[in-house]
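Notes to accompany the following structure.
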There are 2 protein chains.
Amino acid sequence: MIKILVVDDEPQIARALRINLSAHGYEVATAPDGAQALRAAAAFVPDLVVLDLGLPDMDGTEVIAGLRGWTSAPILVLSGRAASAEKIAALDAGADDYVTKPFDIGELLARVRAATRRGSAGSDAPVTVIGSATVDLATREVVRDGEEVRLTKTEWQLLEVLLRNPGKLVGQRELLHRVWGPNYDRETNYLRQYMAQLRRKLEADPARPVHLLTEPGMGYRFRP
Amino acid sequence: MIKILVVDDEPQIARALRINLSAHGYEVATAPDGAQALRAAAAFVPDLVVLDLGLPDMDGTEVIAGLRGWTSAPILVLSGRAASAEKIAALDAGADDYVTKPFDIGELLARVRAATRRGSAGSDAPVTVIGSATVDLATREVVRDGEEVRLTKTEWQLLEVLLRNPGKLVGQRELLHRVWGPNYDRETNYLRQYMAQLRRKLEADPARPVHLLTEPGMGYRFRP
DNA sequence: GACACCTTTGACGCATTCTTGATGGCCGAC
DNA sequence: GTCGGCCATCAAGAATGCGTCAAAGGTGTC
């Protein structure tokens with residue numbers, strides 16, 4: 001299910017959005033201010049963020065920057081201000097769309113559809129092959145030599161980040177941030193522990209990995 | 001260069017858009033109606049389409065459908081009609097954004113940036129060629145004569161600073177500052193050590209570098 | 001409450017990398 | 001011609017980071 005994080009300090013709007021989005025099959029979480037939004041995003045890992053710019057504690061562009069530091073999920077900005085300068089600042093900070101209040105809920109839903117459609121169409125490769133194993137990120141299933149392989153929640157999260165960036169080096173800080181949250185940036189021993197488990201479950205020779213590679217001092221890389 | 005196709009039947013608007021987009025470094029083609037737009041898109045293969053919905057010959061959604069049949073380039077719709085139903089129809093037909101006229105040109109440019117940023121995020125290739133080696137800063141990969149070359153963290157940091165300033169002289173103090181931090185401004189021996197390693201790994205003849213050049217007493221320079 | 005499973009921590013051997021020192025070549029200054 | 005500064009190269013010890021094993025909390029289930 002597509003996960004959406006709604007950030008708005010006005011309870012009525014947040015509630016209305018939650019109801020409408022839920023009714024259309026999205027999984028919704030809400031946050032009332034910038035700090036909680038960043039924390040919720042780290043825990044919830046949304047596929048899209050609906051962000052009200054008029055938050056009490058932080059500037060909207062700061063929240064965008066905080067999100068863009070580790071996620072590329074679409075950000076749809078809501079704002080009462082229609083000034084072009086505001087829109088430009090938000091879009092250039094990393095937002096994907098900008099809607100001025102009052103907004104039509106149908107239009108907002110259409111923009112959400114447009115944003116998620118693009119996000120999932122481009123880089124979604126639901127099934128990945130790692131040696132003799134087949135990983136399906138959509139159904140959360142791993143089959144290896146005909147046998148089903150069980151992965152824990154943490155193992156899935158870690159594997160998913162790597163698989164969604166095929167061939168690309170993913171920094172250890174980024175991995176820790178996206179799997180364990182912002183407060184675990186230094187716990188590289190977690191990475192060692194879980195990478196070893198993934199290799200044991202997926203690689204033909206766990207001691208000599210071919211697809212889940214270590215880049216010492218920097219991070220890890222999935223090579224197709 | 002990023003290519004944009006502008007589709008508008010009003011010559012003034014088409015001209016204004018062409019001038020503004022060209023001034024910002026885009027390559028622009030224009031088409032005055034739907035039929036020519038589809039033909040121009042096939043020939044021009046744009047990275048983004050700015051599409052006016054009020055075309056004389058075809059309905060806007062038809063044009064969108066015609067484009068979506070074979071390209072996933074972002075489509076940014078312009079329209080004089082602000083009705084939500086229109087917007088929803090266009091977005092669900094495959095458009096990525098919808099701007100109502102009259103529009104602010106700065107905002108349009110920001111939306112163009114946002115759309116192209118997302119599109120190019122996946123396939124952006126900031127690859128640099130050093131002799132027979134190919135350096136990809138995004139994926140942190142170096143391939144030389146078909147073989148993969150491994151660089152350490154420090155080597156990457158040093159190389160990245162040089163590659164991001166192609167042709168430019170980078171002072172030794174700046175290099176030391178950016179790679180090792182503010183307390184190493186005088187340790188020029190580090191630079192010698194690591195420049196030698198980089199040349200050994202990248203240059204055809206490490207003793208006679210062609211791309212990673214020393215400027216005695218000043219710093220180093222990457223020549224493409 | 002007992003059990004199984006997952007997560008979190010700690011410790012150790014090992015390989016690689018970083019740091020440091022020493023040597024020799026090139027070039028301009030004197 | 002000699003000297004001193006700057007650079008390239010080589011060769012160590014020191015430090016860091018990784019993989020692995022093992023075991024202590026935590027959590028949910030039966």
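Letters A, B, ... mark the chains of the structure tokens in the order given; residue numbers begin at 1 per chain; ligand numbers begin at 1, in order shown.
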
Would you kindly report the residues of chain A within 9 Å of chain C, using only C-alpha atoms (C1' of nucleotides), as a PyMOL selection string? chain A and resi 152+154+190+216

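When chain A is laid over chain B and all C-alpha atoms are paired one by one, the RMSD comes to 17.2 Å.
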
How would you write, as a count of residues only, the set of residues in region 26-210 of chain A that DSSP gives as helix (DSSP H, G or I)? 86

With 10 Å as the limit and counting only C-alpha atoms, what residues in chain B lie close to chain A? Please list them as a PyMOL selection string. chain B and resi 72-74+83-98+103-115+117-119+121-123+136-141+150-154+156

Using only C-alpha atoms, which residue out of B:Ala16, B:Leu21, B:Ile2, B:Val129 lies closest to Asp47 (chain B)? B:Ile2

Closest-contact table, chain D side, partner chain A, 10 Å, counting only C-alpha atoms (C1' of nucleotides), as a tab-separated table:
```
residue	atom	partner	partner_atom	distance
D:DT16	C1'	A:Gly217	CA	9.1
D:DG17	C1'	A:Gly217	CA	6.7
D:DC18	C1'	A:Arg192	CA	7.4
D:DG19	C1'	A:Arg192	CA	7.4
D:DT20	C1'	A:Ala196	CA	8.7
```

Just N, CA and C atoms (P, O5', C5', C4', C3', O3' and C1' of nucleotides) for this one: save the residues we selected as a PDB file, in the first residue's frame.
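Full text of out_22.pdb as output:
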```pdb
ATOM      1  P    DT D  16      42.261   5.300  15.352  1.00  0.00           P
ATOM      2  O5'  DT D  16      41.285   4.791  14.206  1.00  0.00           O
ATOM      3  C5'  DT D  16      41.545   5.188  12.856  1.00  0.00           C
ATOM      4  C4'  DT D  16      41.001   4.153  11.904  1.00  0.00           C
ATOM      5  C3'  DT D  16      39.570   3.700  12.238  1.00  0.00           C
ATOM      6  O3'  DT D  16      38.715   4.152  11.209  1.00  0.00           O
ATOM      7  C1'  DT D  16      40.980   1.877  11.616  1.00  0.00           C
ATOM      8  P    DG D  17      37.118   4.037  11.418  1.00  0.00           P
ATOM      9  O5'  DG D  17      36.755   2.749  10.569  1.00  0.00           O
ATOM     10  C5'  DG D  17      37.304   2.600   9.266  1.00  0.00           C
ATOM     11  C4'  DG D  17      37.023   1.211   8.749  1.00  0.00           C
ATOM     12  C3'  DG D  17      35.611   0.698   9.065  1.00  0.00           C
ATOM     13  O3'  DG D  17      35.058   0.131   7.892  1.00  0.00           O
ATOM     14  C1'  DG D  17      37.210  -0.846   9.848  1.00  0.00           C
ATOM     15  P    DC D  18      33.571  -0.402   7.887  1.00  0.00           P
ATOM     16  O5'  DC D  18      33.757  -1.971   7.743  1.00  0.00           O
ATOM     17  C5'  DC D  18      34.522  -2.466   6.644  1.00  0.00           C
ATOM     18  C4'  DC D  18      34.796  -3.942   6.837  1.00  0.00           C
ATOM     19  C3'  DC D  18      33.532  -4.768   7.121  1.00  0.00           C
ATOM     20  O3'  DC D  18      33.327  -5.697   6.067  1.00  0.00           O
ATOM     21  C1'  DC D  18      35.291  -5.286   8.669  1.00  0.00           C
ATOM     22  P    DG D  19      32.032  -6.603   6.041  1.00  0.00           P
ATOM     23  O5'  DG D  19      32.478  -7.951   6.762  1.00  0.00           O
ATOM     24  C5'  DG D  19      33.493  -8.734   6.154  1.00  0.00           C
ATOM     25  C4'  DG D  19      33.770  -9.954   7.000  1.00  0.00           C
ATOM     26  C3'  DG D  19      32.524 -10.794   7.311  1.00  0.00           C
ATOM     27  O3'  DG D  19      32.802 -12.162   7.052  1.00  0.00           O
ATOM     28  C1'  DG D  19      33.612 -10.142   9.335  1.00  0.00           C
ATOM     29  P    DT D  20      31.638 -13.262   7.222  1.00  0.00           P
ATOM     30  O5'  DT D  20      31.799 -13.810   8.701  1.00  0.00           O
ATOM     31  C5'  DT D  20      33.082 -14.252   9.140  1.00  0.00           C
ATOM     32  C4'  DT D  20      33.081 -14.467  10.638  1.00  0.00           C
ATOM     33  C3'  DT D  20      31.852 -15.207  11.187  1.00  0.00           C
ATOM     34  O3'  DT D  20      32.232 -16.546  11.498  1.00  0.00           O
ATOM     35  C1'  DT D  20      32.554 -13.401  12.607  1.00  0.00           C
TER      36       DT D  20
END
```

Residues at most 9 Å from region 25-42 of chain A, counting only C-alpha atoms (C1' of nucleotides), excluding those fewer than 6 positions away in the same chain, as a VMD selection string? chain A and resid 1 to 11 14 to 15 17 to 19 49 51 55 to 60 62 to 63 66 to 67 177 to 182

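From CA of Leu176 (chain B) back to CA of Arg164 (chain B), the distance works out to 15.4 Å.
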